[in-house]
Amino acid sequence: MSRAFLCLVALVVLPAAVLAQPPAPARDVTPQTGTAVIRGRVLVDGTDHGLPRTQIRATSDKGRTYDANTDSDGRYELKQLPAGSYTVSASRSNYVAHTLGQKRPGGAGTRIDVADGQTIAAVDFKLVRAGVIIGRVVDEVGDPVTDVQVAPVRSQLMNGTRQMMPTGRGATTNDLGEFRIFGLAPGRYYIAAVYRGAMGGDSDDRSGYGATYYPGTGNIAQAQRITIAAGQTIDSVNFTLLPVRTVKVSGIALDAQGRPLSGAFSSVMTRSFMAGGGGTAIRPDGKFTISGLTPGDYALRVSLPGNSESATMPITTADADLTDIQLITSKPPTIRGRVVLDDSAPSPKGSSLRVFIQNDLPMLPSGNAQVKDDFTFETTMAAGHARVNLFGGDWRLRTVRLGGADVTDAGFDVPPTGINGLVVELSTRHADLSGTVVDANGAAARDYVVLIFPQDAERWTRPNAVFTARPSADGAFKLRVPGGDYYAVALEELEQGAAPNDPDILGQLRDGAQRLSIADGETRSLVLKFSPLVVY
Amino acid sequence: MLILIALLAIGQPPAADVEKPGTATLRGHVLAADTGRPLRKAQVRIFAAEIRENRLATTDDDGRYEFKEVKAGRYTINATKGSYISLSYGQTRPLEAGTPLEIKDGQTVERVDFSLPRGAVITGRIFDEFGEPLSDVMVAPMRYQFVQGKRTLVGAGRQSTTDDNGEFRLFGITPGQYYLQATWRSNMGFGPGGENQPAYAPMFFPGVLEASEAQRFTIGVSQQLSDLVMTLKPTRAVRISGTVLTSDGRPATGMLNVVRVVGMGFTSNMGAMIKPDGSFQLNGIAPGEYQLRTFPNGPSGPDSETAMAKVTVAGDDITDVQLVTSKPVSVAGRVILDPGAAQSLPASLFVTAFPMDGPSFGGLTPGRVADDYTFELKTSPGRARISLSNPPAGWSVRAVRLDGADVTDSGIEFKPNRNVRGLEVELTNKVSVVTGLVTTGRSEASRDYTAIAFPQDSDRWKDTNSRYIRTGRPDQDGRFKISGLPSGDYLLIAVDHINPGEFSDPEFLERIRTKATRFSLSEGETKSIDLKLNSSS
């Protein structure tokens, strides 16, 4: 269950920070196969042990990829390569992936040029094992606890609020309370243990466990970060789960006609941190009670089978039961609107556009409308608060208007009665940024991340507001942004898993940033210096 | 997924308008069988299907639990604790159903105690063909069980996924005979899937592809079986490619998901994005049975178009798979009441279509019965049987008719883009009951048996999930009670033991039919029939 939820969260988070796509490769007219060869061997770092079943991928400067696998002795051969310039990378589960010439994981590699008929040998790799964290989870009397989710977590932004979110794979404790988290990229991690008891029907059992951070605190400020280097195994990361008193949530659910919502279900799902939830059938008189909620933020939802009618309410639990909650269901509201295109490009067919109306509560149904050829659209979704996203090729969202008000950034309420007249204005207009980065000695940097973010801090957590770019092979970056007032910074790297639109990071970067005002249609070339390191 | 299952499993309370709390009390202890010490935080669940009552309690530091204000009813009770083996009240053998406890108003039932054995543990390592530890291999204990009349290898208990040392640890295993299957979970998370990616077909210990050649492990109570070792060998990885078009002939957008069909379930989920021209390619597929299913970009609504195809992968690449998406089939109709039943419908009834062609996922929207008794449900193409989802206590489907034909048991073949109108679902709240006592060969009352009622017409035995076959276990007075059989001519027998699901096996029914007692049941009739105990062997 949890894994499915984590995937869901990950999918939903993505649009929040749109990472600029690398510029589209130039039209590729080279033949697909050729006569050049690259070969070599992959060893486990520090040994002469050849590493079999390693995936080797050569990526041409045209973006085309060629794959090979290592044999029992760790040897590989990329055959029939067209002449060209390639980066070569090696990846294998539980090892740190490496691109040839790279100075650190995730950095840029060097290119290898091959001519027709040429064979380049001894293109060798030494792979380092990924990190491992081992530990044990016990309860307040020292008994091992089974089925505890343990995961590396990081502070991240979700719809503008700071939350601890899993980063990378986690583990579940076995019958001895033991866990083993493996395949960790080098980095610094908080480790969290979450045990979700049964959230369900009426029960007088008040015992439960709160989210516990290593070395045994519920307060992230007192948690200890674990720094793990490549190849490192850290053991004895042992926890005692923190007992908490759980609460009940009860109330009545009625349908749109005021009748008790018998035959339907009530459920809660966590809005924060590692996913969990539970539910119970609603009784014939419309009443429901859900027990076993640890303190936290939840979405309380009642729905008829098939979601033909539903109601959702965000709730926050502390140490008291929540009683007398009244939920009145409605049919999914309908959102009707139209798309307006400016004259910046030939008008596409309306049906090539898709409007995505994302509910702030990621577990609730969002709207997904295929635009019609008359540029109107219509979709149903769950009531609540929502924002618009767009899937439309080169067209990007310019403004979203509702009743004359600009709701692009703030989003809008979706009432049970629905919305008519949502206007989604699109444009292909943009400004073209390009540039290079120099280090402290004035030398051109080959590997960096450029962040372009609005001068208006209110907009930092909005979708499509913060842009990132990495250098292409020649060391320069290119980026398309909407016209506006921005800060521009260059970083040696963005720590693994750090969100580029995290206000804590942007707030620190603002002071040393270069200011930039640019209008649609303009082009600008920048030379950026590295910003000081950011404290996460 | 788990939530959904839990919700479905939880019944609905009775259709009374005002709920009065019960007046009975039930209590007992949960202990560890090996040490006799109390088990704290064990979960005890009581469940009475007929009155849709379902409650949960947790043991305290002394292993004690208590239910107050229990309603009168016929309850099954079970106790669960972490890696211990779950037990039902009255259960004497592994995997056997428990026996019901008949609780009366005002009664206090004491010492309903459970002594839970520790589950067995199996540990081992999985290596690849080069002798390197293989991570992300899902190791599943499996056993044979009768599923819809067929002896089928099914997953049994927790799985374990190998870590970076290739190690797995299965725990909480119930005694019995097991086979261990190892499935490599490649491409998890929709990776691009390289062209030359190796594929490993699922293998059984000690390293064979076929279950018939697999090693059988007989696992005793709390046994520890350590250091099993197996090598997964790569198979030729197959590529599946083709196109997905929408119902109006445009290229579909979104994702194509492929899942391996194992028995009645799915494993090994992977997928690929559908390209702008509607084409797709899935690399690195090992031999096996699969379902392909499309998922639209972004969230799907009740009318989103989807397509599904079954694919059998043998040795060769599969090209030119053509999928055409369609909207869910809309099925409209009305509910009518059995003239002999109560003349008002309970509130909130849902009519739904249960697929009969094996597992399917998504595409189902039950239809709520409106005040004018009409409903509209949605379902995926394929054969499905119409029923009530989560019916209120006492209510059941008497007959389903379409265009004058009785489709109650045969189901309906739903075709893409062909909506169905005029479905008639007749409901009744008349419940038949067959009850009785069982005596042994020495004329003593038996308290450990299974009573099986099944139709005299053997054509009905082949029907999977037949509503004409039901079983009952004795309560504390030795009495069985089988409710809800449709009217008809039946056979009834009491056997000392039956394997899980075996009553759905026509061969088993053929073996016991000559020893069974004949009886006829009219609608809503209550019949008392006493039986002599038979040996099932």
# chains A, B, ... in the order shown; residues from 1 in each chain; ligands from 1
$ residues_around --residues "Leu101 (chain B)" --least-positions-apart "2" --cutoff "8 Å" --atoms "only C-alpha atoms" --output "MDAnalysis selection string"
chainID B and resid 74:77 99 103 475:476
$ closest_atom_pairs --of "chain A" --to "chain B" --cutoff "7 Å" --atoms "only C-alpha atoms" --output "CSV"
residue,atom,partner,partner_atom,distance
A:Met1,CA,B:Leu2,CA,5.7
A:Pro52,CA,B:Phe130,CA,6.8
A:Asp67,CA,B:Gly194,CA,6.5
A:Ala68,CA,B:Asn196,CA,6.2
A:Asn69,CA,B:Asn196,CA,6.9
A:Ser72,CA,B:Phe130,CA,5.6
A:Asn94,CA,B:Asp164,CA,6.3
A:Thr146,CA,B:Gly82,CA,6.0
A:Asp175,CA,B:Ser83,CA,5.7
A:Phe182,CA,B:Asp164,CA,6.4
A:Gly201,CA,B:Arg55,CA,7.0
A:Ser203,CA,B:Leu56,CA,6.1
A:Asp205,CA,B:Thr58,CA,6.2
A:Ser262,CA,B:Ser348,CA,5.8
A:Gly263,CA,B:Ser348,CA,5.1
A:Gly278,CA,B:Ile3,CA,5.9
A:Gly279,CA,B:Leu7,CA,6.6
A:Thr280,CA,B:Leu7,CA,6.3
A:Ala281,CA,B:Gln12,CA,6.0
A:Arg283,CA,B:Pro13,CA,5.8
A:Pro284,CA,B:Ala15,CA,6.0
A:Asp285,CA,B:Asp17,CA,5.9
A:Pro305,CA,B:Pro366,CA,6.0
A:Gly306,CA,B:Thr365,CA,4.5
A:Pro365,CA,B:Pro299,CA,6.6
A:Ser366,CA,B:Pro299,CA,6.0
A:Gly367,CA,B:Pro299,CA,6.8
A:Asn368,CA,B:Pro299,CA,6.2
$ residues_around --residues "Arg396 (chain A)" --least-positions-apart "4" --cutoff "12 Å" --atoms "only C-alpha atoms" --output "list in words"
Val18, Val339, Val340, Leu341, Asp342, Ser344, Ala345, Leu353, Arg354, Val355, Val388, Asn389, Leu390, Phe391, Gly392, Val400, Val424, Glu425, Leu426, Ser427, Thr428, Arg429, His430, Pro463, Asn464, Ala465, Arg480, Val481 and Pro482 of chain A
$ residues_around --residues "region 226-231 of chain A" --least-positions-apart "6" --cutoff "8 Å" --atoms "only C-alpha atoms" --output "PyMOL selection string"
chain A and resi 96+128-132+185-191
$ residues_around --residues "Pro287 (chain B)" --least-positions-apart "3" --cutoff "7 Å" --atoms "only C-alpha atoms" --output "PyMOL selection string"
chain B and resi 201+313-315
$ atom_distance --atom1 "CA of Gly218 (chain A)" --atom2 "CA of Ser266 (chain A)"
28.4 Å
$ residues_around --residues "Glu110 (chain B)" --least-positions-apart "5" --cutoff "9 Å" --atoms "only C-alpha atoms" --output "list in words"
Thr25, Leu26, Arg27 and Gly28 of chain B
$ write_last_selection --atoms "N, CA and C atoms" --output "PDB file, in the first residue's frame"
ATOM      1  N   THR B  25     -21.395  -9.362  26.616  1.00  0.00           N
ATOM      2  CA  THR B  25     -19.972  -9.074  26.831  1.00  0.00           C
ATOM      3  C   THR B  25     -19.169 -10.310  26.442  1.00  0.00           C
ATOM      4  N   LEU B  26     -18.026 -10.067  25.824  1.00  0.00           N
ATOM      5  CA  LEU B  26     -17.161 -11.167  25.397  1.00  0.00           C
ATOM      6  C   LEU B  26     -15.750 -10.812  25.818  1.00  0.00           C
ATOM      7  N   ARG B  27     -15.050 -11.738  26.498  1.00  0.00           N
ATOM      8  CA  ARG B  27     -13.660 -11.447  26.844  1.00  0.00           C
ATOM      9  C   ARG B  27     -12.795 -12.689  26.897  1.00  0.00           C
ATOM     10  N   GLY B  28     -11.502 -12.464  26.888  1.00  0.00           N
ATOM     11  CA  GLY B  28     -10.568 -13.576  26.933  1.00  0.00           C
ATOM     12  C   GLY B  28      -9.138 -13.074  26.906  1.00  0.00           C
TER      13      GLY B  28
END
$ select_by_dssp --residues "region 119-209 of chain B" --states "strand (DSSP E)" --output "PyMOL selection string"
chain B and resi 120-127+137-147+150-155+160-161+167-173+176-184+199-200+203-204
$ write_last_selection --atoms "C-alpha atoms" --output "PDB file, in the first residue's frame"
ATOM      1  CA  ALA B 120       7.800 -20.429  10.806  1.00  0.00           C
ATOM      2  CA  VAL B 121      10.744 -18.602   9.238  1.00  0.00           C
ATOM      3  CA  ILE B 122      12.470 -19.338   5.918  1.00  0.00           C
ATOM      4  CA  THR B 123      15.644 -17.487   4.966  1.00  0.00           C
ATOM      5  CA  GLY B 124      17.913 -17.719   1.958  1.00  0.00           C
ATOM      6  CA  ARG B 125      19.769 -15.942  -0.822  1.00  0.00           C
ATOM      7  CA  ILE B 126      19.209 -15.433  -4.532  1.00  0.00           C
ATOM      8  CA  PHE B 127      22.095 -15.103  -6.991  1.00  0.00           C
ATOM      9  CA  VAL B 137      13.688 -10.480  -6.189  1.00  0.00           C
ATOM     10  CA  MET B 138      10.282 -11.074  -4.679  1.00  0.00           C
ATOM     11  CA  VAL B 139      10.215 -14.459  -2.939  1.00  0.00           C
ATOM     12  CA  ALA B 140       6.702 -15.738  -2.329  1.00  0.00           C
ATOM     13  CA  PRO B 141       5.575 -18.811  -0.385  1.00  0.00           C
ATOM     14  CA  MET B 142       2.893 -20.572  -2.422  1.00  0.00           C
ATOM     15  CA  ARG B 143       0.646 -23.537  -1.797  1.00  0.00           C
ATOM     16  CA  TYR B 144      -2.028 -25.453  -3.606  1.00  0.00           C
ATOM     17  CA  GLN B 145      -5.556 -24.465  -2.844  1.00  0.00           C
ATOM     18  CA  PHE B 146      -8.885 -24.995  -4.537  1.00  0.00           C
ATOM     19  CA  VAL B 147      -9.831 -21.805  -6.325  1.00  0.00           C
ATOM     20  CA  LYS B 150      -9.402 -26.016  -9.561  1.00  0.00           C
ATOM     21  CA  ARG B 151      -6.368 -26.988  -7.525  1.00  0.00           C
ATOM     22  CA  THR B 152      -4.331 -23.830  -8.007  1.00  0.00           C
ATOM     23  CA  LEU B 153      -0.978 -22.649  -6.745  1.00  0.00           C
ATOM     24  CA  VAL B 154      -1.685 -19.449  -4.831  1.00  0.00           C
ATOM     25  CA  GLY B 155       0.386 -17.023  -2.811  1.00  0.00           C
ATOM     26  CA  SER B 160       9.951 -10.950   1.047  1.00  0.00           C
ATOM     27  CA  THR B 161      12.083  -8.957  -1.374  1.00  0.00           C
ATOM     28  CA  GLU B 167      18.951 -12.154   1.135  1.00  0.00           C
ATOM     29  CA  PHE B 168      15.303 -12.766   1.896  1.00  0.00           C
ATOM     30  CA  ARG B 169      13.480 -13.619   5.111  1.00  0.00           C
ATOM     31  CA  LEU B 170       9.957 -15.020   5.070  1.00  0.00           C
ATOM     32  CA  PHE B 171       8.253 -15.064   8.442  1.00  0.00           C
ATOM     33  CA  GLY B 172       4.896 -15.695  10.098  1.00  0.00           C
ATOM     34  CA  ILE B 173       4.415 -18.844   8.002  1.00  0.00           C
ATOM     35  CA  GLY B 176       1.849 -26.680   5.673  1.00  0.00           C
ATOM     36  CA  GLN B 177       3.327 -27.641   2.347  1.00  0.00           C
ATOM     37  CA  TYR B 178       4.866 -24.831   0.350  1.00  0.00           C
ATOM     38  CA  TYR B 179       6.608 -24.037  -2.897  1.00  0.00           C
ATOM     39  CA  LEU B 180       8.817 -20.971  -3.108  1.00  0.00           C
ATOM     40  CA  GLN B 181       8.662 -18.787  -6.185  1.00  0.00           C
ATOM     41  CA  ALA B 182      11.182 -16.041  -6.960  1.00  0.00           C
ATOM     42  CA  THR B 183      10.246 -13.221  -9.340  1.00  0.00           C
ATOM     43  CA  TRP B 184      12.688 -10.511 -10.330  1.00  0.00           C
ATOM     44  CA  ALA B 199      15.096 -10.783 -18.078  1.00  0.00           C
ATOM     45  CA  TYR B 200      14.558 -13.493 -15.516  1.00  0.00           C
ATOM     46  CA  MET B 203      11.501 -19.651 -10.946  1.00  0.00           C
ATOM     47  CA  PHE B 204      10.613 -22.094  -8.238  1.00  0.00           C
TER      48      PHE B 204
END
$ closest_residue --among "A:Gln232, A:Gln370, A:Gln149, A:Gln257" --to "Tyr213 (chain A)" --atoms "only C-alpha atoms"
A:Gln149
$ residues_around --residues "Gly208 (chain A)" --least-positions-apart "2" --cutoff "9 Å" --atoms "only C-alpha atoms" --output "list in words"
Tyr195, Arg196, Gly197, Asp205, Arg206, Gly210, Leu242, Pro243, Val244, Arg245, Thr246, Gly292, Leu293 and Thr294 of chain A
$ write_last_selection --atoms "C-alpha atoms" --output "mmCIF file, in the first residue's frame"
data_model
loop_
_atom_site.group_PDB
_atom_site.id
_atom_site.type_symbol
_atom_site.label_atom_id
_atom_site.label_comp_id
_atom_site.auth_asym_id
_atom_site.auth_seq_id
_atom_site.Cartn_x
_atom_site.Cartn_y
_atom_site.Cartn_z
ATOM 1 C CA TYR A 195 4.080 2.444 12.287
ATOM 2 C CA ARG A 196 0.504 2.725 11.164
ATOM 3 C CA GLY A 197 -1.854 0.714 13.317
ATOM 4 C CA ASP A 205 -7.871 1.121 21.929
ATOM 5 C CA ARG A 206 -6.014 4.405 22.241
ATOM 6 C CA GLY A 210 3.904 8.703 16.246
ATOM 7 C CA LEU A 242 7.310 7.009 20.450
ATOM 8 C CA PRO A 243 3.969 5.986 21.960
ATOM 9 C CA VAL A 244 1.151 8.464 21.341
ATOM 10 C CA ARG A 245 -2.521 8.463 22.247
ATOM 11 C CA THR A 246 -4.717 8.044 19.200
ATOM 12 C CA GLY A 292 -6.773 5.007 15.701
ATOM 13 C CA LEU A 293 -5.644 8.350 14.253
ATOM 14 C CA THR A 294 -2.239 9.522 15.449
#
$ atom_distance --atom1 "CA of Arg154 (chain A)" --atom2 "CA of Gln358 (chain A)"
23.7 Å
$ atom_distance --atom1 "CA of Thr59 (chain A)" --atom2 "CA of Phe477 (chain A)"
18.5 Å
$ closest_residue --among "A:Glu492, A:Asp297, A:Asp409, A:Asp432" --to "Arg459 (chain A)" --atoms "only C-alpha atoms"
A:Asp409
$ decode --residues "region 134-190 of chain A" --atoms "C-alpha atoms" --output "compact mmCIF listing (two decimals), in the first residue's frame"
# COMPACT_ATOMS: atom_id res chain seq x y z
CA ILE A 134 20.90 -1.13 9.04
CA GLY A 135 18.96 -0.91 12.26
CA ARG A 136 16.22 -2.25 14.49
CA VAL A 137 12.92 -0.84 15.73
CA VAL A 138 11.48 -1.70 19.16
CA ASP A 139 8.47 -0.53 21.17
CA GLU A 140 8.44 1.13 24.60
CA VAL A 141 9.09 -2.15 26.42
CA GLY A 142 11.84 -3.25 24.04
CA ASP A 143 9.86 -5.75 21.97
CA PRO A 144 10.70 -5.76 18.26
CA VAL A 145 7.98 -4.22 16.08
CA THR A 146 7.13 -5.84 12.74
CA ASP A 147 5.86 -3.96 9.66
CA VAL A 148 7.31 -0.56 10.55
CA GLN A 149 8.07 1.56 7.49
CA VAL A 150 11.56 3.02 7.77
CA ALA A 151 12.71 5.51 5.16
CA PRO A 152 15.26 8.24 4.50
CA VAL A 153 13.31 11.50 4.57
CA ARG A 154 13.91 15.08 3.60
CA SER A 155 12.11 18.31 4.27
CA GLN A 156 10.16 19.23 1.15
CA LEU A 157 7.44 21.58 0.07
CA MET A 158 4.01 20.25 -0.72
CA ASN A 159 1.50 22.85 -1.91
CA GLY A 160 3.45 25.52 -0.09
CA THR A 161 3.80 23.79 3.27
CA ARG A 162 6.99 22.20 4.55
CA GLN A 163 6.74 18.48 5.13
CA MET A 164 9.00 15.53 5.69
CA MET A 165 8.82 13.33 2.62
CA PRO A 166 10.52 10.01 1.85
CA THR A 167 13.46 10.30 -0.52
CA GLY A 168 14.63 7.12 -2.18
CA ARG A 169 13.63 3.64 -1.21
CA GLY A 170 12.73 2.62 2.30
CA ALA A 171 12.40 -0.70 4.07
CA THR A 172 9.92 -2.53 6.29
CA THR A 173 10.92 -4.19 9.55
CA ASN A 174 10.85 -7.98 9.72
CA ASP A 175 9.77 -10.26 12.60
CA LEU A 176 12.93 -9.29 14.52
CA GLY A 177 12.21 -5.58 14.09
CA GLU A 178 15.20 -5.30 11.73
CA PHE A 179 15.44 -3.20 8.59
CA ARG A 180 18.05 -2.72 5.88
CA ILE A 181 17.86 0.30 3.58
CA PHE A 182 20.18 -0.19 0.61
CA GLY A 183 21.06 1.43 -2.68
CA LEU A 184 21.39 4.87 -1.04
CA ALA A 185 23.02 7.63 -3.00
CA PRO A 186 25.70 9.48 -1.02
CA GLY A 187 24.15 12.28 0.99
CA ARG A 188 22.73 13.32 4.32
CA TYR A 189 19.51 11.78 5.50
CA TYR A 190 17.08 11.93 8.36
